[in-house]
Amino acid sequence: MPAIDLVIFDCDGVLVDSEPVAQRILVAHLKPIVAEQAEGIASRCVGRSYHDIQGFVEDACKRKLGTTFWSELQIETLRELEASLAPDLALRHLLLSLPVPFCVASSGTHDKIKRVLRAVDVYDLFHGQVFSAEDVVLGKPAPDLFLHAAAHNHVPPRRCLVIEDSEPGLQAGDAAGMQVLHLNSNRAESSSFAQIHQLSELRQRFSTS
């Protein structure tokens, strides 16, 4: 692995196992509208910003869903995440053991990032290092968010390592000219990027670099 001066983590699906909860709730809200298409539409929202999800879902449903639909979805998702997530001591130890600075750059809102990282008891480790799609014009798969995080830390993109689980995030890291690791918990899934199957493998990457 080339020299790394900054690790950039995605949040949902990487630092926090929040994707199954968010997917389940989105599917439940979509089923009355699009029936059997709900799961397929929801699966294609992984890794996208909230703004992009709104546009994509409404295009797929061929209708505007209204502010009530989106506000109720967001409220229920945050409530369920905070209720289901628990402090993650292993994650905390991993972050504290990293030999280089790290940050989080997520398609989620600042409020969501704060809530889920607090729920797993690592938010205090990201002081001043939380970056959201709300901070840039274009979210993933555009490289803007990752480049914003790198610029904030005064680190050249080529010396940043992105840890991502979704296709939009992987594309964004690649487009930013950064080193990319695919956190691929589904070992049967192919990937054109270097892979790790669990976050703890990151220690080995640094110990052998």
# chains A, B, ... in the order shown; residues from 1 in each chain; ligands from 1
>>> residues_around(residues="stretch 74-78 of chain A", least_positions_apart="3", cutoff="9 Å", atoms="only C-alpha atoms", output="list of chain:residue names")
A:Val21, A:Ala22, A:Ile25, A:Leu26, A:Phe69, A:Trp70, A:Ser71, A:Leu81, A:Glu82, A:Ala83, A:Lys112, A:Arg115, A:Val116
>>> closest_atom_pairs(of="stretch 113-208 of chain A", to="stretch 90-109 of chain A", cutoff="7 Å", atoms="only C-alpha atoms", output="tab-separated table")
residue	atom	partner	partner_atom	distance
A:Ile113	CA	A:Thr109	CA	6.2
A:Val122	CA	A:Arg92	CA	6.0
A:Phe126	CA	A:Cys103	CA	6.2
A:Gln129	CA	A:Cys103	CA	4.8
A:Val130	CA	A:Val104	CA	5.2
A:Phe131	CA	A:Ala105	CA	4.6
A:Ser132	CA	A:Ser106	CA	5.1
A:Ala133	CA	A:Ser107	CA	4.8
A:Glu134	CA	A:Thr109	CA	6.2
A:Gly139	CA	A:Ser107	CA	6.6
A:Lys140	CA	A:Ser107	CA	6.9
A:Leu145	CA	A:Ala105	CA	6.7
A:Phe146	CA	A:Ala105	CA	6.5
A:Ala149	CA	A:Ala105	CA	6.9
A:Ser200	CA	A:Leu94	CA	6.8
>>> residues_around(residues="A:Ser185", least_positions_apart="2", cutoff="12 Å", atoms="only C-alpha atoms", output="list in words")
Gly13, Val14, Asp17, Glu164, Asp165, Ser166, His182, Leu183, Arg187, Ala188, Glu189, Ser190, Ser191, Gln195, Ile196, His197, Gln198, Leu199, Ser200 and Glu201 of chain A
>>> write_last_selection(atoms="C-alpha atoms", output="mmCIF file, in the first residue's frame")
data_model
loop_
_atom_site.group_PDB
_atom_site.id
_atom_site.type_symbol
_atom_site.label_atom_id
_atom_site.label_comp_id
_atom_site.auth_asym_id
_atom_site.auth_seq_id
_atom_site.Cartn_x
_atom_site.Cartn_y
_atom_site.Cartn_z
ATOM 1 C CA GLY A 13 -22.344 0.276 6.136
ATOM 2 C CA VAL A 14 -18.735 0.925 7.159
ATOM 3 C CA ASP A 17 -24.238 -1.269 10.388
ATOM 4 C CA GLU A 164 -16.357 2.285 1.272
ATOM 5 C CA ASP A 165 -19.020 -0.383 0.929
ATOM 6 C CA SER A 166 -21.284 1.022 -1.805
ATOM 7 C CA HIS A 182 -13.964 -2.022 -0.663
ATOM 8 C CA LEU A 183 -15.392 -3.228 2.653
ATOM 9 C CA ARG A 187 -17.425 -12.533 0.107
ATOM 10 C CA ALA A 188 -19.263 -13.870 -2.919
ATOM 11 C CA GLU A 189 -19.603 -10.388 -4.387
ATOM 12 C CA SER A 190 -16.991 -9.481 -6.975
ATOM 13 C CA SER A 191 -15.249 -6.116 -6.964
ATOM 14 C CA GLN A 195 -11.113 -5.632 -0.656
ATOM 15 C CA ILE A 196 -11.351 -6.227 3.050
ATOM 16 C CA HIS A 197 -14.141 -8.329 4.500
ATOM 17 C CA GLN A 198 -14.274 -6.761 7.929
ATOM 18 C CA LEU A 199 -13.022 -3.459 9.267
ATOM 19 C CA SER A 200 -10.552 -5.095 11.654
ATOM 20 C CA GLU A 201 -8.466 -6.136 8.620
#
>>> residues_around(residues="A:Ser84", least_positions_apart="4", cutoff="9 Å", atoms="only C-alpha atoms", output="PyMOL selection string")
chain A and resi 18+21+79-80+119
>>> select_by_dssp(residues="stretch 123-158 of chain A", states="helix (DSSP H, G or I)", output="MDAnalysis selection string")
chainID A and resid 123:126 133:135 144:152 157:158
>>> residues_around(residues="A:Ala3", least_positions_apart="3", cutoff="12 Å", atoms="only C-alpha atoms", output="PyMOL selection string")
chain A and resi 6-7+99-100+155-161+178-179+205-206+208-209
>>> write_last_selection(atoms="N, CA and C atoms", output="mmCIF file, in the first residue's frame")
data_model
loop_
_atom_site.group_PDB
_atom_site.id
_atom_site.type_symbol
_atom_site.label_atom_id
_atom_site.label_comp_id
_atom_site.auth_asym_id
_atom_site.auth_seq_id
_atom_site.Cartn_x
_atom_site.Cartn_y
_atom_site.Cartn_z
ATOM 1 N N LEU A 6 -4.112 9.995 5.504
ATOM 2 C CA LEU A 6 -5.470 10.224 5.978
ATOM 3 C C LEU A 6 -6.354 9.057 5.560
ATOM 4 N N VAL A 7 -7.101 8.527 6.518
ATOM 5 C CA VAL A 7 -8.112 7.510 6.220
ATOM 6 C C VAL A 7 -9.476 8.181 6.228
ATOM 7 N N PRO A 99 -2.591 4.509 12.945
ATOM 8 C CA PRO A 99 -1.380 5.320 13.071
ATOM 9 C C PRO A 99 -1.431 6.651 12.331
ATOM 10 N N VAL A 100 -2.549 6.932 11.660
ATOM 11 C CA VAL A 100 -2.688 8.174 10.894
ATOM 12 C C VAL A 100 -4.040 8.809 11.228
ATOM 13 N N VAL A 155 -4.249 17.241 2.837
ATOM 14 C CA VAL A 155 -3.623 15.991 2.402
ATOM 15 C C VAL A 155 -3.903 15.800 0.911
ATOM 16 N N PRO A 156 -2.883 15.533 0.088
ATOM 17 C CA PRO A 156 -3.124 15.272 -1.334
ATOM 18 C C PRO A 156 -4.007 14.046 -1.515
ATOM 19 N N PRO A 157 -4.900 14.049 -2.492
ATOM 20 C CA PRO A 157 -5.794 12.905 -2.692
ATOM 21 C C PRO A 157 -5.075 11.569 -2.795
ATOM 22 N N ARG A 158 -3.919 11.540 -3.466
ATOM 23 C CA ARG A 158 -3.224 10.266 -3.662
ATOM 24 C C ARG A 158 -2.724 9.660 -2.350
ATOM 25 N N ARG A 159 -2.683 10.453 -1.285
ATOM 26 C CA ARG A 159 -2.224 9.950 0.007
ATOM 27 C C ARG A 159 -3.391 9.727 0.980
ATOM 28 N N CYS A 160 -4.610 9.680 0.407
ATOM 29 C CA CYS A 160 -5.809 9.372 1.194
ATOM 30 C C CYS A 160 -6.262 7.947 0.891
ATOM 31 N N LEU A 161 -6.759 7.279 1.908
ATOM 32 C CA LEU A 161 -7.331 5.944 1.751
ATOM 33 C C LEU A 161 -8.814 6.014 2.090
ATOM 34 N N MET A 178 -7.994 8.790 -5.193
ATOM 35 C CA MET A 178 -7.553 8.274 -3.904
ATOM 36 C C MET A 178 -7.400 6.757 -3.944
ATOM 37 N N GLN A 179 -6.693 6.232 -2.979
ATOM 38 C CA GLN A 179 -6.638 4.790 -2.798
ATOM 39 C C GLN A 179 -7.960 4.346 -2.187
ATOM 40 N N ARG A 205 -3.437 -4.038 7.101
ATOM 41 C CA ARG A 205 -3.003 -3.216 5.970
ATOM 42 C C ARG A 205 -1.913 -2.247 6.380
ATOM 43 N N PHE A 206 -2.070 -1.654 7.564
ATOM 44 C CA PHE A 206 -1.073 -0.697 8.019
ATOM 45 C C PHE A 206 0.168 -1.401 8.561
ATOM 46 N N THR A 208 1.518 -4.008 7.442
ATOM 47 C CA THR A 208 2.330 -4.554 6.362
ATOM 48 C C THR A 208 2.732 -3.508 5.336
ATOM 49 N N SER A 209 2.312 -2.242 5.577
ATOM 50 C CA SER A 209 2.616 -1.191 4.592
ATOM 51 C C SER A 209 4.012 -0.627 4.837
#
>>> closest_residue(among="A:Asn184, A:His152, A:Gly66, A:Gly128", to="A:Lys114", atoms="only C-alpha atoms")
A:Gly128
